[in-house]
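Structure record follows, encoded as structure tokens.
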Amino acid sequence: MLWKDHDVHIPGLCPTPGCQSACAARCRECPGREPTCTSCAVRLHRNLPLHWLSVWNGDFFQRRDLAHFGFVWYLGHHGDPCPNIPVGDPPIKFVVVHDNGVHSSLLHYCHCPGRPSRLSQLVRADLFPATLDRIETAFTCHVLERFHLDFDVSKRSTQDFVRILEQLSPNDDPMSPAKDRYRDFLLASRIHRHLTTQKRAGRRHEIVIPGRDPNSITVPCLTCPIPDFNLPDDWKDIPEELRYLHRLVLCADGNYSLQRKSKPADEYDVALTTGQAFFVPEDTMRDFLNKKFNGKSKPSAPESDNVGITCTGFKVARSQRTGKFRNVDNSGILAILCDHLHFRPGATVDLYTTETWGQLDYALAAALFGTEGLLERGMSYDVVCSYICNILERFAKSHPDLLPIVQDLKMMLPKLHMHAHQEMCQVVYAFCYARGFGLAHGEGVETPWAEMNIAGLSTREMTAGARHDALNSLFNY
């Protein structure tokens with residue numbers, strides 16, 4: 001460990017042929033490279049502008065930016081200066097945040113005729129600006145991609161990620177700490193994540209899978225049956241007793257850990273993914289709840305629905321503590337997944353107190369979108385025995401076009417939850433007594449919550465739009 005803070009060639013002469021300057025700089029990010037003088041180090045890093053130099057000051061090594069020794073980052077000419085830079089035009093002081101810390105750089109744009117805009121020059125150099133006005137700070141696409149993956153996998157908050165970047169920056173001068181880039185990073189990472197999601201969804205190339213909304217940016221489940229896409233041409237000719245082979249099976253469940261705390265709202269904060277990802281548009285649900293509960297978009301728990309839990313054995317819904325919904329704008333979410341554990345596009349709604357049948361109706365309608373060509377569909381829900389009460393009347397009013405599909409929908413109780421129901425429910429809605437379901441359990445929707453609940457520690461603090469964008473990213477992962 002001590003050997004890393006020592007170099008036998010320093011002090012000494014620069015090993016570059018023809019150079020007689022003092023050898024004082026080394027790059028720890030270039031494995032195996034000999035230490036050189038600072039001028040040669042700058043020249044060798046012409047296309048490695050975000051490496052840190054360790055420079056000997058006579059007592060110890062100090063980390064310094066290349067710009068500290070005159071390095072200028074030239075855009076548009078592969079590291080060479082633009083021949084059309086105006087005489088006497090000084091380089092721009094520019095802050096670049098990379099995955100190895102916060103850098104203070106010097107930058108020159110290309111000035112050639114017909115050149116791209118400054119924004120395009122930055123993006124082509126893998127620099128994502130923090131703002132479009134007076135651009136002076138940018139984040140490398142690499143650090144934004146790293147954060148996107150880090151959040152989806154480890155669920156680490158943005159603040160913790162930025163704090164790590166600050167600690168990776170030079171900290172040998174306590175009087176000049178790295179400037180806080182947290183707010184800039186929040187905005188840039190959110191926009192970059194949305195643009196990346198659109199690109200991966202094939203929106204630019206107008207790639208559309210049959211039965212899907214062309215505006216959707218979600219990752220589809222390619223295992224679920226999709227007519228004209230992954231089913232054989234003669235699949236409709238299959239005998240009736242084998243139709244279950246091409247059946248779509250859905251699972252619905254609520255999660256009260258993915259809540260959102262009550263905070264002053266930003267009226268300009270909207271989800272970038274509204275209407276394109278997993279959540280039912282907020283305006284749609286607000287209009288429905290206002291109409292249903294006489295102008296109150298957040299009903300109190302006792303009046304959460306017109307139809308209560310009819311099963312005398314299932315007491316979970318009646319045991320909900322009203323105090324758990326205090327100081328939260330959203331008490332959780334209600335989501336529908338397929339039995340392959342993919343969230344269905346547009347089939348997630350925000351909860352305000354307990355789960356209401358109307359909210360589940362909207363989620364189910366979105367989950368059934370594009371399945372009109374299938375012959376069979378199934379669904380599990382932990383209180384399906386109560387949910388089916390008046391379901392045809394509700395769909396006739398809210399989603400009349402889906403009424404024939406809902407009439408044929410096979411509804412079951414998940415195998416674990418069914419033990420909390422009365423005996424009749426355990427017989428009528430049992431998977432094991434239903435044709436073609438075999439050993440299915442219907443509890444798959446519980447699986448993703450173990451990971452998602454970790455993210456709830458940070459998403460509950462977010463604004464409404466940022467929370468939706470973050471959860472959509474997690475559901476897409």
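By order of appearance in the structure tokens: chains A, B, ..., then residues from 1 within every chain, and ligands from 1 in the order shown.
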
Near-range 200-209 of chain A list (9 Å; only C-alpha atoms; drop same-chain fewer than 4 positions) as a ChimeraX atom specification: /A:195-196,213-220,226,229

Preceding selection exported with C-alpha atoms as a tab-separated table (two decimals), in the first residue's frame:
```tsv
chain	number	residue	atom	x	y	z
A	195	LEU	CA	-33.86	9.77	-23.79
A	196	THR	CA	-32.00	6.48	-23.36
A	213	ASP	CA	-49.18	1.15	-28.11
A	214	PRO	CA	-46.78	2.70	-30.65
A	215	ASN	CA	-45.93	5.38	-28.07
A	216	SER	CA	-44.92	2.87	-25.40
A	217	ILE	CA	-41.31	2.92	-24.19
A	218	THR	CA	-41.64	-0.13	-21.95
A	219	VAL	CA	-39.80	-3.43	-22.30
A	220	PRO	CA	-42.39	-5.95	-23.54
A	226	ILE	CA	-48.87	-12.06	-28.95
A	229	PHE	CA	-45.76	-11.99	-33.50
```

Backbone DSSP call of helix (DSSP H, G or I) for range 232-470 of chain A, listed as an MDAnalysis selection string: chainID A and resid 235:237 240:246 282:292 301:303 317:319 322:325 357:367 384:387 391:398 400:407 417:420 423:428 431:433 444:446 449:459 464:470

Residue nearest Lys292 in chain A among A:Leu368, A:Val383, A:Ile238, A:Arg394 (counting only C-alpha atoms): A:Arg394

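Ranking A:Tyr477, A:Phe139, A:Phe161, A:Tyr182 by their shortest atom-to-atom distance to Leu341 in chain A, with only C-alpha atoms included, puts A:Tyr477 first.
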
Strand (DSSP E or B) residues, from DSSP on the backbone, in range 57-272 of chain A, as a ChimeraX atom specification: /A:61-64,73-74,92-98,101-108,127-129,137-140,248-255,260-261

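Between CA of Leu416 in chain A and CA of Glu443 in chain A lies a distance of 7.2 Å.
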
Who sits within 8 Å of Phe325 in chain A, only C-alpha atoms, same chain under 5 positions skipped, as a PyMOL selection string: chain A and resi 331+352-353

Generate the output file for the selected residues, N, CA and C atoms, as a CSV table (one decimal), in the first residue's frame.
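selection19.csv, freshly written:
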```csv
chain,number,residue,atom,x,y,z
A,331,SER,N,-50.3,6.5,-0.9
A,331,SER,CA,-50.1,5.5,0.0
A,331,SER,C,-49.4,4.3,-0.5
A,352,TYR,N,-54.2,6.2,-3.0
A,352,TYR,CA,-54.3,7.4,-2.1
A,352,TYR,C,-54.7,6.9,-0.7
A,353,THR,N,-55.4,5.8,-0.6
A,353,THR,CA,-55.7,5.2,0.7
A,353,THR,C,-55.6,3.7,0.5
```

Neighbouring residues of Pro404 in chain A were defined as those with any atom within 12 Å, considering only C-alpha atoms; residues of the same chain fewer than 5 positions away were excluded. Please report them as a PDB file with N, CA and C atoms, in the first residue's frame.
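out_16.pdb, freshly written:
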```pdb
ATOM      1  N   LEU A 368     -55.114  -5.436 -20.340  1.00  0.00           N
ATOM      2  CA  LEU A 368     -55.777  -6.225 -21.385  1.00  0.00           C
ATOM      3  C   LEU A 368     -55.651  -5.588 -22.762  1.00  0.00           C
ATOM      4  N   THR A 371     -54.877  -7.496 -26.309  1.00  0.00           N
ATOM      5  CA  THR A 371     -55.096  -8.946 -26.182  1.00  0.00           C
ATOM      6  C   THR A 371     -56.406  -9.389 -26.826  1.00  0.00           C
ATOM      7  N   GLU A 372     -57.012  -8.510 -27.608  1.00  0.00           N
ATOM      8  CA  GLU A 372     -58.313  -8.821 -28.193  1.00  0.00           C
ATOM      9  C   GLU A 372     -58.285 -10.081 -29.058  1.00  0.00           C
ATOM     10  N   GLY A 373     -57.135 -10.378 -29.648  1.00  0.00           N
ATOM     11  CA  GLY A 373     -57.059 -11.533 -30.541  1.00  0.00           C
ATOM     12  C   GLY A 373     -56.870 -12.856 -29.837  1.00  0.00           C
ATOM     13  N   LEU A 375     -57.660 -16.078 -27.288  1.00  0.00           N
ATOM     14  CA  LEU A 375     -58.861 -16.850 -26.996  1.00  0.00           C
ATOM     15  C   LEU A 375     -59.111 -16.992 -25.500  1.00  0.00           C
ATOM     16  N   GLU A 376     -58.049 -16.969 -24.681  1.00  0.00           N
ATOM     17  CA  GLU A 376     -58.206 -17.140 -23.241  1.00  0.00           C
ATOM     18  C   GLU A 376     -57.283 -16.197 -22.480  1.00  0.00           C
ATOM     19  N   ARG A 377     -57.794 -15.753 -21.319  1.00  0.00           N
ATOM     20  CA  ARG A 377     -57.010 -14.901 -20.433  1.00  0.00           C
ATOM     21  C   ARG A 377     -57.351 -15.274 -18.995  1.00  0.00           C
ATOM     22  N   ILE A 391     -68.482  -6.234 -11.452  1.00  0.00           N
ATOM     23  CA  ILE A 391     -67.393  -5.862 -12.365  1.00  0.00           C
ATOM     24  C   ILE A 391     -67.919  -5.576 -13.763  1.00  0.00           C
ATOM     25  N   LEU A 392     -68.941  -6.321 -14.200  1.00  0.00           N
ATOM     26  CA  LEU A 392     -69.477  -6.096 -15.540  1.00  0.00           C
ATOM     27  C   LEU A 392     -70.186  -4.746 -15.616  1.00  0.00           C
ATOM     28  N   PHE A 395     -67.365  -2.047 -15.791  1.00  0.00           N
ATOM     29  CA  PHE A 395     -66.701  -1.983 -17.094  1.00  0.00           C
ATOM     30  C   PHE A 395     -67.654  -1.490 -18.177  1.00  0.00           C
ATOM     31  N   ALA A 396     -68.945  -1.774 -18.036  1.00  0.00           N
ATOM     32  CA  ALA A 396     -69.916  -1.276 -19.014  1.00  0.00           C
ATOM     33  C   ALA A 396     -69.956   0.244 -19.020  1.00  0.00           C
ATOM     34  N   HIS A 399     -65.249   1.129 -19.377  1.00  0.00           N
ATOM     35  CA  HIS A 399     -64.510   0.546 -20.504  1.00  0.00           C
ATOM     36  C   HIS A 399     -65.416  -0.413 -21.270  1.00  0.00           C
ATOM     37  N   LEU A 409     -62.899 -13.554 -18.806  1.00  0.00           N
ATOM     38  CA  LEU A 409     -61.674 -13.568 -18.014  1.00  0.00           C
ATOM     39  C   LEU A 409     -61.801 -14.561 -16.862  1.00  0.00           C
TER      40      LEU A 409
END
```

Selection: 12 Å around Arg181 in chain A, only C-alpha atoms, excl. self and same-chain fewer than 5 positions, as an NGL selection string: :A and (95-98 or 101-103 or 130 or 137-139 or 158-159 or 161-166 or 186-189)

Contacts of range 45-47 of chain A within 9 Å, only C-alpha atoms, excl. fewer than 5 positions in-chain, as a list of chain:residue names: A:Cys40, A:Leu66, A:Phe71, A:Val72, A:Trp73, A:His78, A:Gly79, A:Asp80
